[in-house]
Every structure is written in C-alpha cells, then in structure tokens.
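Presented below is the structure to which this report refers.
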Amino acid sequence: MKRISGRMDRRGFLAGAGACAVAFVSMEVAARQVLKEVSELEPGEFTWHPDRQPDGPVAVVVSLPEQLVHVYRNGVRIAVSTCSTGKPGHSTPTGVFVVLQKDKHHHSSTYNNAPMPNMNRLTWSGIALHAGKLPGYPASHGCVRLPLDFSEKLFGITHLGTPVIIAGSHSDPWELKHPGMVLSAYAEDEFETVEASLEDKKHPKDWLAAESSPITSVIASSGDRKIMLIENGAVVAETGLNIEGDYPLGSHVFLLKGGNAKTRGLHWLAISHNTDVDGTFQPEERALHRLKADQRFLETMKPRMHPGMIMILTDAPLHPDTRSGKDFVIMS
C-alpha cells in the first residue's frame, strides 16, 4: 500500500504535500486500515482515533447532506463514520437532542422486533443512533444507522445526556472561556460561589452507579424570549429572558467543562450548527453576552450546574411543536 507523505494535524488529517482531508479509515468489510479521502468514504467505512483526545466531554454531530457522523471529544474530532438517515416520508428530524436511553441489545417495538444493536435513544417516539444497513443513501425510518463496529465503539463513550446535533452541516467545536457567570451581570463573589459548587462534581461519564445525579440542561429561546432549566427531562424552572438586540441568536450548543480561574468565569465547549438569519456567522461568545435571566432562575440553576451540563441557544420557540414531552428535542 502506498503511503501519502505529509504531517498529521490534531484531527488526524494529513496536511502538506498536496494531501487534503486524508485520514486512516477502518473498513468494516475489509477489516483493515487504508488511507483515503474522508469525503470518499464508502458505506460502512469509518475512522476511529480516540487516542487523539483520550478524555473530555463527547458531542456527536450528524450531517444529513454528507451522510456522515462526526464525533468530538473535548473539542477534538476523534471519529467520522458513514451513516444512513431517514428516507423520504420518514425523514430524520433536525435539531439538538440528548441521549435519553442506552440499550446494547435493543429490538424495535415498532418494526417487527428488528434488532437495533448499540442503541442510543434520542426521542421516546423512536429516533435513535444504532447499527444497521448502510446502502449509501438515506434509507431508514428516521433513525441514524451506523456501521456495527462503529456503533459499538460509539456506545462505549456516550452517556445519558450526551448531546447529538442533527443538522444540514457541521462545524468543529471550540473552547470558550466566558468571564463571570453567564445569564447575569458579573458579580465579584460570583465566580467563587460557582467554582465551589462545581469543584466536587464529576462529569456524567465518570459517574458510578451509586453516584448518579440529575443531568441538567438549559434552553434559551429568542423565539418566545424564555429560558428553561431541565433536570432529567423535567422542567424545574422557567422564566422570561432578556436578550440584547432584535436579531436572532442562531443555534448553539455549549458543554460546561468547569470553572476557569484565569478569566474568573466558566469554561465551555461551543458548537454552532447554524448561521444567523442574514447568513453570517454569529460567534457564540457574542450570543452569550446578549442574554440575561432573573435572579430567581439563576439561584435555582447554580446548585444544579455540573461538568457536562448542556446549554442550548435557539431561535425556535419552546412549545410542544419544538419540544415534545420529556424527549428534550429542540427541532430546527
């Protein structure tokens, strides 16, 4: 096999010597590694390089036009896989989801007990990530089908609450260190209070069975200027949201890493999966600075914050058409 020269960047792609978006690919059929353009991955092929980032929060981005699944850990892409999403009439919904349930040996209760190995459930109505046939085009009843080997590896690093973004495109996450406490004016003693509450808390991926705690998420909407605090799928607080300016927030997902003493604020991983209404990109930091919530909401949120907490900004209103029951679905 001919090797292509060049240096490997942090995402595992070769740069220099004319190489473009080249990665090591694990082939399900051939069961061997080859060098190939990621854009030319064949059905059933995937990359898997967890050594690029051994630790940190995991986020999954499903790109419908590419029919690819991108897996990030601590902001670094560690895997890319081909997939098959919903066919016409059974389209895969777009938006922000979290893993609601994991079942390694799941069988469908809707489609003749069909096996769905390594199932990461995204909605209680039947949308999930799982192993399945990959014909090279959208062919499922709405689920995201994955190569069997890849689905098993992915199952091993996800947890309840892992964010999954299904969108028309993808962008790499990046680190954001936000001064002070988000959603409020900066207070001198604020950082110490939040840092102290986060200090002894683990990320959900590190929880043992005896340590399981409620998974907290925050959803801020410019559509109806509301913000929700959700704990294990149940709304525990909701209030009006003050947003500076009349232009949209855009669609953003933030994963809390912890406190940052240097900025005396919070350390996030940020993922944008949309553009503003005028087609320009709105930086996540600018979007955060525009938001303010009342003190009662903040006092309810602070003790519930934990590493791995998810905050979502959306322009969709927070009503049943965009969020259904305990699904935690923010539909595009």
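Note on naming: chains are A, B, ... as they come in the structure tokens, residues start from 1 per chain, ligands start from 1 in the order shown.
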message: Which residues are close to A:Val164, i.e. within 7 Å by only C-alpha atoms, leaving aside same-chain residues fewer than 6 positions away? Reply as a ChimeraX atom specification.
response: /A:59-61,96-98
Dump of N, CA and C atoms for the selected residues, as a PDB file, in the first residue's frame:
ATOM      1  N   ALA A  59     -19.413  14.999  22.069  1.00  0.00           N
ATOM      2  CA  ALA A  59     -20.540  15.552  21.321  1.00  0.00           C
ATOM      3  C   ALA A  59     -20.573  14.883  19.956  1.00  0.00           C
ATOM      4  N   VAL A  60     -21.766  14.613  19.457  1.00  0.00           N
ATOM      5  CA  VAL A  60     -21.949  13.928  18.181  1.00  0.00           C
ATOM      6  C   VAL A  60     -22.686  14.857  17.229  1.00  0.00           C
ATOM      7  N   VAL A  61     -22.163  15.015  16.022  1.00  0.00           N
ATOM      8  CA  VAL A  61     -22.818  15.841  15.005  1.00  0.00           C
ATOM      9  C   VAL A  61     -23.122  14.968  13.792  1.00  0.00           C
ATOM     10  N   VAL A  96     -31.360  19.690  18.071  1.00  0.00           N
ATOM     11  CA  VAL A  96     -30.462  19.302  19.148  1.00  0.00           C
ATOM     12  C   VAL A  96     -31.156  18.266  20.022  1.00  0.00           C
ATOM     13  N   PHE A  97     -30.490  17.159  20.247  1.00  0.00           N
ATOM     14  CA  PHE A  97     -31.032  16.062  21.037  1.00  0.00           C
ATOM     15  C   PHE A  97     -30.032  15.697  22.128  1.00  0.00           C
ATOM     16  N   VAL A  98     -30.453  14.924  23.096  1.00  0.00           N
ATOM     17  CA  VAL A  98     -29.520  14.309  24.037  1.00  0.00           C
ATOM     18  C   VAL A  98     -29.847  12.823  24.120  1.00  0.00           C
TER      19      VAL A  98
END
- prompt: stretch 80-215 of chain A: which residues are strand (DSSP E) by DSSP, as a PyMOL selection string?
  reply: chain A and resi 80-82+95-98+101-107+115-121+128-131+144-146+163-167+174-179
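Relative to atom CA of A:His70, atom CA of A:Asn260 is found at 27.4 Å.
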task: Fewer than 3 positions away in the same chain doesn't count, so skip those; otherwise give me all residues within 7 Å of stretch 119-131 of chain A, counting only C-alpha atoms, as a VMD selection string.
output: chain A and resid 97 to 104 106 116 142 to 148 151 327
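Among the residues of stretch 62-287 of chain A, backbone DSSP assigns alpha helix (DSSP H) to A:Leu148, A:Asp149, A:Phe150, A:Ser151, A:Glu152, A:Lys153, A:Leu154, A:Phe155, A:Glu190, A:Phe191, A:Glu192, A:Thr193, A:Val194, A:Glu195, A:Ala196, A:Ser197, A:Leu198, A:Glu199, A:Glu284, A:Glu285, A:Arg286, A:Ala287.
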Write a file of the just-selected residues containing N, CA, C and O atoms, as a PDB file, in the first residue's frame.
ATOM      1  N   LEU A 148     -21.763  -1.475  12.246  1.00  0.00           N
ATOM      2  CA  LEU A 148     -21.844  -2.219  13.506  1.00  0.00           C
ATOM      3  C   LEU A 148     -20.644  -1.954  14.407  1.00  0.00           C
ATOM      4  O   LEU A 148     -20.805  -1.642  15.598  1.00  0.00           O
ATOM      5  N   ASP A 149     -19.433  -2.070  13.861  1.00  0.00           N
ATOM      6  CA  ASP A 149     -18.239  -1.857  14.680  1.00  0.00           C
ATOM      7  C   ASP A 149     -18.183  -0.438  15.232  1.00  0.00           C
ATOM      8  O   ASP A 149     -17.832  -0.212  16.386  1.00  0.00           O
ATOM      9  N   PHE A 150     -18.534   0.530  14.394  1.00  0.00           N
ATOM     10  CA  PHE A 150     -18.520   1.921  14.829  1.00  0.00           C
ATOM     11  C   PHE A 150     -19.556   2.151  15.929  1.00  0.00           C
ATOM     12  O   PHE A 150     -19.293   2.831  16.923  1.00  0.00           O
ATOM     13  N   SER A 151     -20.764   1.594  15.745  1.00  0.00           N
ATOM     14  CA  SER A 151     -21.823   1.794  16.743  1.00  0.00           C
ATOM     15  C   SER A 151     -21.416   1.246  18.100  1.00  0.00           C
ATOM     16  O   SER A 151     -21.764   1.811  19.148  1.00  0.00           O
ATOM     17  N   GLU A 152     -20.664   0.150  18.099  1.00  0.00           N
ATOM     18  CA  GLU A 152     -20.205  -0.434  19.363  1.00  0.00           C
ATOM     19  C   GLU A 152     -19.183   0.471  20.039  1.00  0.00           C
ATOM     20  O   GLU A 152     -19.222   0.677  21.259  1.00  0.00           O
ATOM     21  N   LYS A 153     -18.279   1.035  19.253  1.00  0.00           N
ATOM     22  CA  LYS A 153     -17.276   1.940  19.804  1.00  0.00           C
ATOM     23  C   LYS A 153     -17.946   3.215  20.332  1.00  0.00           C
ATOM     24  O   LYS A 153     -17.608   3.705  21.415  1.00  0.00           O
ATOM     25  N   LEU A 154     -18.898   3.757  19.563  1.00  0.00           N
ATOM     26  CA  LEU A 154     -19.596   4.962  19.993  1.00  0.00           C
ATOM     27  C   LEU A 154     -20.387   4.701  21.268  1.00  0.00           C
ATOM     28  O   LEU A 154     -20.404   5.532  22.191  1.00  0.00           O
ATOM     29  N   PHE A 155     -21.037   3.548  21.348  1.00  0.00           N
ATOM     30  CA  PHE A 155     -21.820   3.186  22.523  1.00  0.00           C
ATOM     31  C   PHE A 155     -20.953   3.210  23.782  1.00  0.00           C
ATOM     32  O   PHE A 155     -21.425   3.559  24.872  1.00  0.00           O
ATOM     33  N   GLU A 190     -19.237  36.030  42.559  1.00  0.00           N
ATOM     34  CA  GLU A 190     -19.983  35.043  41.794  1.00  0.00           C
ATOM     35  C   GLU A 190     -19.118  33.844  41.412  1.00  0.00           C
ATOM     36  O   GLU A 190     -19.533  32.696  41.528  1.00  0.00           O
ATOM     37  N   PHE A 191     -17.899  34.114  40.948  1.00  0.00           N
ATOM     38  CA  PHE A 191     -17.048  33.028  40.485  1.00  0.00           C
ATOM     39  C   PHE A 191     -16.719  32.056  41.613  1.00  0.00           C
ATOM     40  O   PHE A 191     -16.778  30.847  41.434  1.00  0.00           O
ATOM     41  N   GLU A 192     -16.392  32.573  42.793  1.00  0.00           N
ATOM     42  CA  GLU A 192     -16.067  31.697  43.909  1.00  0.00           C
ATOM     43  C   GLU A 192     -17.236  30.781  44.257  1.00  0.00           C
ATOM     44  O   GLU A 192     -17.055  29.595  44.546  1.00  0.00           O
ATOM     45  N   THR A 193     -18.434  31.336  44.205  1.00  0.00           N
ATOM     46  CA  THR A 193     -19.629  30.546  44.534  1.00  0.00           C
ATOM     47  C   THR A 193     -19.825  29.411  43.535  1.00  0.00           C
ATOM     48  O   THR A 193     -20.033  28.256  43.912  1.00  0.00           O
ATOM     49  N   VAL A 194     -19.732  29.732  42.248  1.00  0.00           N
ATOM     50  CA  VAL A 194     -19.944  28.727  41.213  1.00  0.00           C
ATOM     51  C   VAL A 194     -18.800  27.721  41.205  1.00  0.00           C
ATOM     52  O   VAL A 194     -19.020  26.509  41.103  1.00  0.00           O
ATOM     53  N   GLU A 195     -17.564  28.220  41.345  1.00  0.00           N
ATOM     54  CA  GLU A 195     -16.416  27.320  41.335  1.00  0.00           C
ATOM     55  C   GLU A 195     -16.502  26.319  42.488  1.00  0.00           C
ATOM     56  O   GLU A 195     -16.231  25.125  42.326  1.00  0.00           O
ATOM     57  N   ALA A 196     -16.917  26.798  43.654  1.00  0.00           N
ATOM     58  CA  ALA A 196     -17.030  25.915  44.816  1.00  0.00           C
ATOM     59  C   ALA A 196     -18.088  24.847  44.592  1.00  0.00           C
ATOM     60  O   ALA A 196     -17.921  23.687  44.979  1.00  0.00           O
ATOM     61  N   SER A 197     -19.180  25.217  43.928  1.00  0.00           N
ATOM     62  CA  SER A 197     -20.260  24.246  43.700  1.00  0.00           C
ATOM     63  C   SER A 197     -19.869  23.211  42.647  1.00  0.00           C
ATOM     64  O   SER A 197     -20.379  22.093  42.643  1.00  0.00           O
ATOM     65  N   LEU A 198     -18.941  23.577  41.740  1.00  0.00           N
ATOM     66  CA  LEU A 198     -18.513  22.655  40.689  1.00  0.00           C
ATOM     67  C   LEU A 198     -17.351  21.764  41.122  1.00  0.00           C
ATOM     68  O   LEU A 198     -17.132  20.697  40.543  1.00  0.00           O
ATOM     69  N   GLU A 199     -16.629  22.198  42.149  1.00  0.00           N
ATOM     70  CA  GLU A 199     -15.356  21.582  42.498  1.00  0.00           C
ATOM     71  C   GLU A 199     -15.437  20.078  42.732  1.00  0.00           C
ATOM     72  O   GLU A 199     -14.610  19.318  42.272  1.00  0.00           O
ATOM     73  N   GLU A 284     -20.321  32.465  19.256  1.00  0.00           N
ATOM     74  CA  GLU A 284     -21.039  32.011  20.440  1.00  0.00           C
ATOM     75  C   GLU A 284     -20.877  32.991  21.601  1.00  0.00           C
ATOM     76  O   GLU A 284     -21.811  33.239  22.354  1.00  0.00           O
ATOM     77  N   GLU A 285     -19.681  33.552  21.757  1.00  0.00           N
ATOM     78  CA  GLU A 285     -19.441  34.459  22.873  1.00  0.00           C
ATOM     79  C   GLU A 285     -20.346  35.666  22.792  1.00  0.00           C
ATOM     80  O   GLU A 285     -20.870  36.146  23.799  1.00  0.00           O
ATOM     81  N   ARG A 286     -20.545  36.191  21.584  1.00  0.00           N
ATOM     82  CA  ARG A 286     -21.416  37.341  21.416  1.00  0.00           C
ATOM     83  C   ARG A 286     -22.853  36.972  21.773  1.00  0.00           C
ATOM     84  O   ARG A 286     -23.569  37.747  22.411  1.00  0.00           O
ATOM     85  N   ALA A 287     -23.274  35.784  21.384  1.00  0.00           N
ATOM     86  CA  ALA A 287     -24.626  35.341  21.700  1.00  0.00           C
ATOM     87  C   ALA A 287     -24.823  35.237  23.214  1.00  0.00           C
ATOM     88  O   ALA A 287     -25.853  35.653  23.756  1.00  0.00           O
TER      89      ALA A 287
END
field: Shell of 8 Å around A:Ala167, only C-alpha atoms, local chain residues under 5 positions omitted, as number ranges by chain
entry: A: 61-64, 94-95, 273
Keeping C-alpha atoms, export the residues of the selection given above as a PDB file, in the first residue's frame.
ATOM      1  CA  VAL A  61     -22.818  15.841  15.005  1.00  0.00           C
ATOM      2  CA  VAL A  62     -24.850  14.103  12.273  1.00  0.00           C
ATOM      3  CA  SER A  63     -24.570  15.867   8.909  1.00  0.00           C
ATOM      4  CA  LEU A  64     -27.546  14.923   6.736  1.00  0.00           C
ATOM      5  CA  THR A  94     -33.042  18.037  12.635  1.00  0.00           C
ATOM      6  CA  GLY A  95     -32.199  19.848  15.828  1.00  0.00           C
ATOM      7  CA  HIS A 273     -24.692  24.317  13.773  1.00  0.00           C
TER       8      HIS A 273
END
message: From the options A:Glu231, A:Asp55, A:Glu175, A:Asp206, which residue's atoms come nearest to A:Ile271, counting only C-alpha atoms?
response: A:Glu175
message: List as a PyMOL selection string the protein and nucleic acid residues near A:Val71, meaning an atom at most 12 Å away when only C-alpha atoms are counted, but skip any in the same chain fewer than 3 places from it.
response: chain A and resi 11+46-50+52-53+57-63+68+74-82+150-151+153-155+157-158+162-165+170-173
message: Calculated over only C-alpha atoms, which of the candidates A:Pro115, A:Pro93, A:Gly308, A:Gly240 has the smallest distance to A:Lys202?
response: A:Gly308
As a compact mmCIF listing (two decimals) with N, CA, C and O atoms, in the first residue's frame, please: the residues near A:Thr300 (cut-off 9 Å, only C-alpha atoms, same-chain neighbours under 4 positions excluded).
# COMPACT_ATOMS: atom_id res chain seq x y z
N LEU A 229 -34.92 25.53 32.63
CA LEU A 229 -33.95 24.69 33.31
C LEU A 229 -34.57 23.30 33.41
O LEU A 229 -35.67 23.14 33.94
N VAL A 236 -37.75 22.26 35.71
CA VAL A 236 -37.75 22.65 37.13
C VAL A 236 -37.82 24.16 37.30
O VAL A 236 -38.11 24.65 38.40
N ALA A 237 -37.54 24.92 36.24
CA ALA A 237 -37.66 26.38 36.32
C ALA A 237 -37.83 26.93 34.91
O ALA A 237 -37.28 26.41 33.95
N GLN A 295 -32.91 36.79 38.81
CA GLN A 295 -32.13 36.23 39.91
C GLN A 295 -32.71 34.92 40.44
O GLN A 295 -31.96 34.00 40.80
N ARG A 296 -34.01 34.80 40.46
CA ARG A 296 -34.62 33.57 40.97
C ARG A 296 -34.21 32.37 40.11
O ARG A 296 -33.89 31.30 40.63
N ARG A 304 -27.39 23.36 40.63
CA ARG A 304 -27.62 22.20 39.76
C ARG A 304 -26.57 22.08 38.66
O ARG A 304 -26.56 21.09 37.93
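Residue nearest A:Leu318 within the list A:Leu208, A:Ile243, A:Ile227, A:Leu176: A:Ile227 [criterion: smallest interatomic distance, only C-alpha atoms].
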- prompt: Suppose you want the space between atom CA of A:Gly258 and atom CA of A:Asp200; what is it in Å?
  reply: 10.7 Å
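Minimum atom-to-atom distances from A:Lys201, A:Glu40, A:Tyr137, A:Ile215 to A:Pro65 were compared using only C-alpha atoms, and the lowest value belongs to A:Tyr137.
A straight line drawn from atom CA of A:Gly132 to atom CA of A:Gly161 is 22.9 Å long.
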